[in-house]
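The structure appears below as structure tokens.
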Amino acid sequence: MRIAVLASGSGTILDAMVRAGVPVELVVVDRPCRATEVAADHGLACEVVERTDFGAGFDRDAYSERMVEVLQAADTELVVMAGFGTILSGPVFAAYEGRILNTHPALLPSFKGWHAVQAAIDYGVKVTGCTVHVATEAVDDGPILAQEAVEVLCDDTAESLHERIKVVERRLYVATIKSILERGSVT
């Protein structure tokens, strides 16, 4: 199964995947970021589908169509989002229905959205965690593939809690992807 990883940040999830033997064929980033250096360090092909507009006029469908072109040119079969900061739209989900994975720093369906860790702290939960799910056009939705709880400590900040969630996330995401590869399908 040919895997493309979409990233926007530091590339720590990408690094964990490659170090664990996940066969990544392509890395796609939406902005200059450290993930491109991680890809280069591992000898992986990397494409930039740069998002230059962060305003209300951003054409999400046109951007998503460009993403599909890049993914299809690489014969991608499984799309793995790893801290990808751009919300994609219909064209990507039509082309890769049921074959896009995402990870989220909360136990979905609770605390959807970009600030999930802070939301968990603000709500006062004692446990949050990490979810690996099939991404759909609805943000932080779709079938849940794996979850693991992380205790919220009384002195946690969003940063300290998120760091502990990331440790779980790297392990859980890699294990989930490897399971998919062994089965030969997401479901």
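Note on naming: chains are A, B, ... as they come in the structure tokens, residues start from 1 per chain, ligands start from 1 in the order shown.
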
Which range 27-142 of chain A residues have any atom within 6 Å of an atom of range 153-175 of chain A, and for each, what is the nearest pair of atoms with distance in Å to one decimal, counting only C-alpha atoms, rows sorted by chain and number, as CSV?
residue,atom,partner,partner_atom,distance
A:Val117,CA,A:Ala158,CA,5.7
A:Gln118,CA,A:Ala158,CA,5.1
A:Cys130,CA,A:Glu169,CA,5.9

Hey, could you make a per-residue contact list for range 32-112 of chain A against range 120-125 of chain A with 9 Å as the cut-off, showing the nearest pair of atoms and its distance in Å to one decimal, counting only C-alpha atoms, sorted by chain and number, as CSV?
residue,atom,partner,partner_atom,distance
A:Ala106,CA,A:Ala120,CA,7.8
A:Ser110,CA,A:Ala120,CA,8.5
A:Phe111,CA,A:Ala120,CA,6.6

Selection file, C-alpha atoms, as a compact mmCIF listing (two decimals), in the first residue's frame:
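Resulting contents of selection-v9.txt:
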# COMPACT_ATOMS: atom_id res chain seq x y z
CA ALA A 106 -8.61 13.97 22.44
CA SER A 110 -15.24 14.89 22.66
CA PHE A 111 -13.23 18.07 22.11

Item to check | Given only C-alpha atoms as the counted atoms, nearest of A:Trp114, A:Phe84, A:Phe58, A:Phe93 to Val28 in chain A | outcome: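 The closest residue to Val28 in chain A is A:Phe84.
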
Item to check | Polymer residues at most 7 Å from range 71-79 of chain A, only C-alpha atoms, same-chain spacing of 4 or more positions, as a PyMOL selection string | outcome: chain A and resi 1-5+67+99-101

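Separating CA of Val29 in chain A from CA of Arg51 in chain A is a distance of 9.1 Å.
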
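The shortest atom-to-atom distance to Tyr96 in chain A, with only C-alpha atoms taken into account, belongs to A:Val68 out of A:Ala20, A:Val27, A:Ala138, A:Val68.
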
Next on the checklist: Taking only range 5-163 of chain A into account, list the residues labelled helix (DSSP H, G or I) by DSSP (computed from the backbone), as a PyMOL selection string.
Outcome noted: chain A and resi 12-19+34-41+60-73+90-95+116-123+158-163

In range 14-135 of chain A, what's strand (DSSP E or B) per DSSP? Answer as a compact mmCIF listing (two decimals) with N, CA and C atoms, in the first residue's frame?
# COMPACT_ATOMS: atom_id res chain seq x y z
N VAL A 24 6.75 4.92 3.90
CA VAL A 24 6.25 6.19 3.37
C VAL A 24 6.87 6.43 2.00
N GLU A 25 6.03 6.67 1.00
CA GLU A 25 6.49 6.91 -0.36
C GLU A 25 6.65 8.40 -0.67
N LEU A 26 5.81 9.22 -0.03
CA LEU A 26 5.78 10.64 -0.35
C LEU A 26 5.36 11.42 0.88
N VAL A 27 5.99 12.58 1.06
CA VAL A 27 5.58 13.54 2.08
C VAL A 27 5.09 14.78 1.34
N VAL A 28 3.93 15.30 1.75
CA VAL A 28 3.39 16.51 1.16
C VAL A 28 3.18 17.52 2.28
N VAL A 29 3.71 18.73 2.09
CA VAL A 29 3.55 19.79 3.07
C VAL A 29 2.80 20.95 2.44
N ALA A 45 10.78 11.33 -0.83
CA ALA A 45 10.31 12.35 -1.77
C ALA A 45 9.38 13.30 -1.02
N CYS A 46 9.50 14.58 -1.33
CA CYS A 46 8.68 15.58 -0.64
C CYS A 46 8.19 16.60 -1.65
N GLU A 47 6.90 16.87 -1.60
CA GLU A 47 6.27 17.86 -2.47
C GLU A 47 5.68 18.97 -1.61
N VAL A 48 5.75 20.18 -2.11
CA VAL A 48 5.12 21.31 -1.44
C VAL A 48 3.90 21.71 -2.25
N LEU A 78 -2.95 5.25 0.36
CA LEU A 78 -3.37 5.59 1.71
C LEU A 78 -2.78 6.95 2.07
N VAL A 79 -3.63 7.86 2.52
CA VAL A 79 -3.21 9.21 2.91
C VAL A 79 -3.21 9.26 4.43
N VAL A 80 -2.07 9.67 4.99
CA VAL A 80 -1.92 9.73 6.43
C VAL A 80 -1.61 11.18 6.83
N MET A 81 -2.55 11.80 7.52
CA MET A 81 -2.32 13.18 7.98
C MET A 81 -1.53 13.12 9.28
N ALA A 82 -0.48 13.93 9.34
CA ALA A 82 0.40 13.95 10.50
C ALA A 82 0.65 15.40 10.90
N ILE A 100 -8.17 7.90 4.17
CA ILE A 100 -7.45 9.03 4.74
C ILE A 100 -7.50 8.86 6.26
N LEU A 101 -6.33 8.82 6.88
CA LEU A 101 -6.25 8.68 8.33
C LEU A 101 -5.86 10.00 8.96
N ASN A 102 -6.32 10.19 10.19
CA ASN A 102 -5.95 11.36 10.96
C ASN A 102 -5.81 10.96 12.42
N THR A 103 -5.10 11.77 13.15
CA THR A 103 -5.00 11.58 14.59
C THR A 103 -5.45 12.87 15.25
N HIS A 104 -6.04 12.74 16.43
CA HIS A 104 -6.58 13.91 17.12
C HIS A 104 -6.23 13.81 18.61
N VAL A 127 -9.52 12.69 32.35
CA VAL A 127 -8.91 11.83 31.34
C VAL A 127 -9.23 12.41 29.97
N THR A 128 -8.24 12.48 29.12
CA THR A 128 -8.43 12.80 27.71
C THR A 128 -7.62 11.75 26.96
N GLY A 129 -7.07 12.06 25.82
CA GLY A 129 -6.26 11.05 25.15
C GLY A 129 -6.02 11.35 23.70
N CYS A 130 -5.95 10.29 22.93
CA CYS A 130 -5.62 10.37 21.51
C CYS A 130 -6.55 9.45 20.74
N THR A 131 -6.97 9.91 19.57
CA THR A 131 -7.83 9.11 18.69
C THR A 131 -7.20 9.03 17.31
N VAL A 132 -7.18 7.84 16.74
CA VAL A 132 -6.83 7.65 15.33
C VAL A 132 -8.15 7.31 14.64
N HIS A 133 -8.45 8.05 13.56
CA HIS A 133 -9.74 7.84 12.90
C HIS A 133 -9.60 7.99 11.39
N VAL A 134 -10.60 7.50 10.69
CA VAL A 134 -10.70 7.72 9.26
C VAL A 134 -11.23 9.13 9.09

Item to check | Å distance separating CA of Leu181 in chain A from CA of Leu44 in chain A, one decimal place | outcome: 19.0 Å

Next on the checklist: Rounded to one decimal, what separation in Å do you get between CA of Glu151 in chain A and CA of Lys126 in chain A?
Outcome noted: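 These two atoms are separated by 6.0 Å.
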
Checklist entry - Which is closer to Thr176 in chain A than all the others in A:Glu97, A:Glu148, A:Asp15, A:Asp59, using only C-alpha atoms? => result A:Glu148

Item to check | All residues 8 Å or closer to Arg66 in chain A, only C-alpha atoms, same chain fewer than 4 positions away omitted, as a list of chain:residue names | outcome: A:Val49, A:Ala62, A:Val70
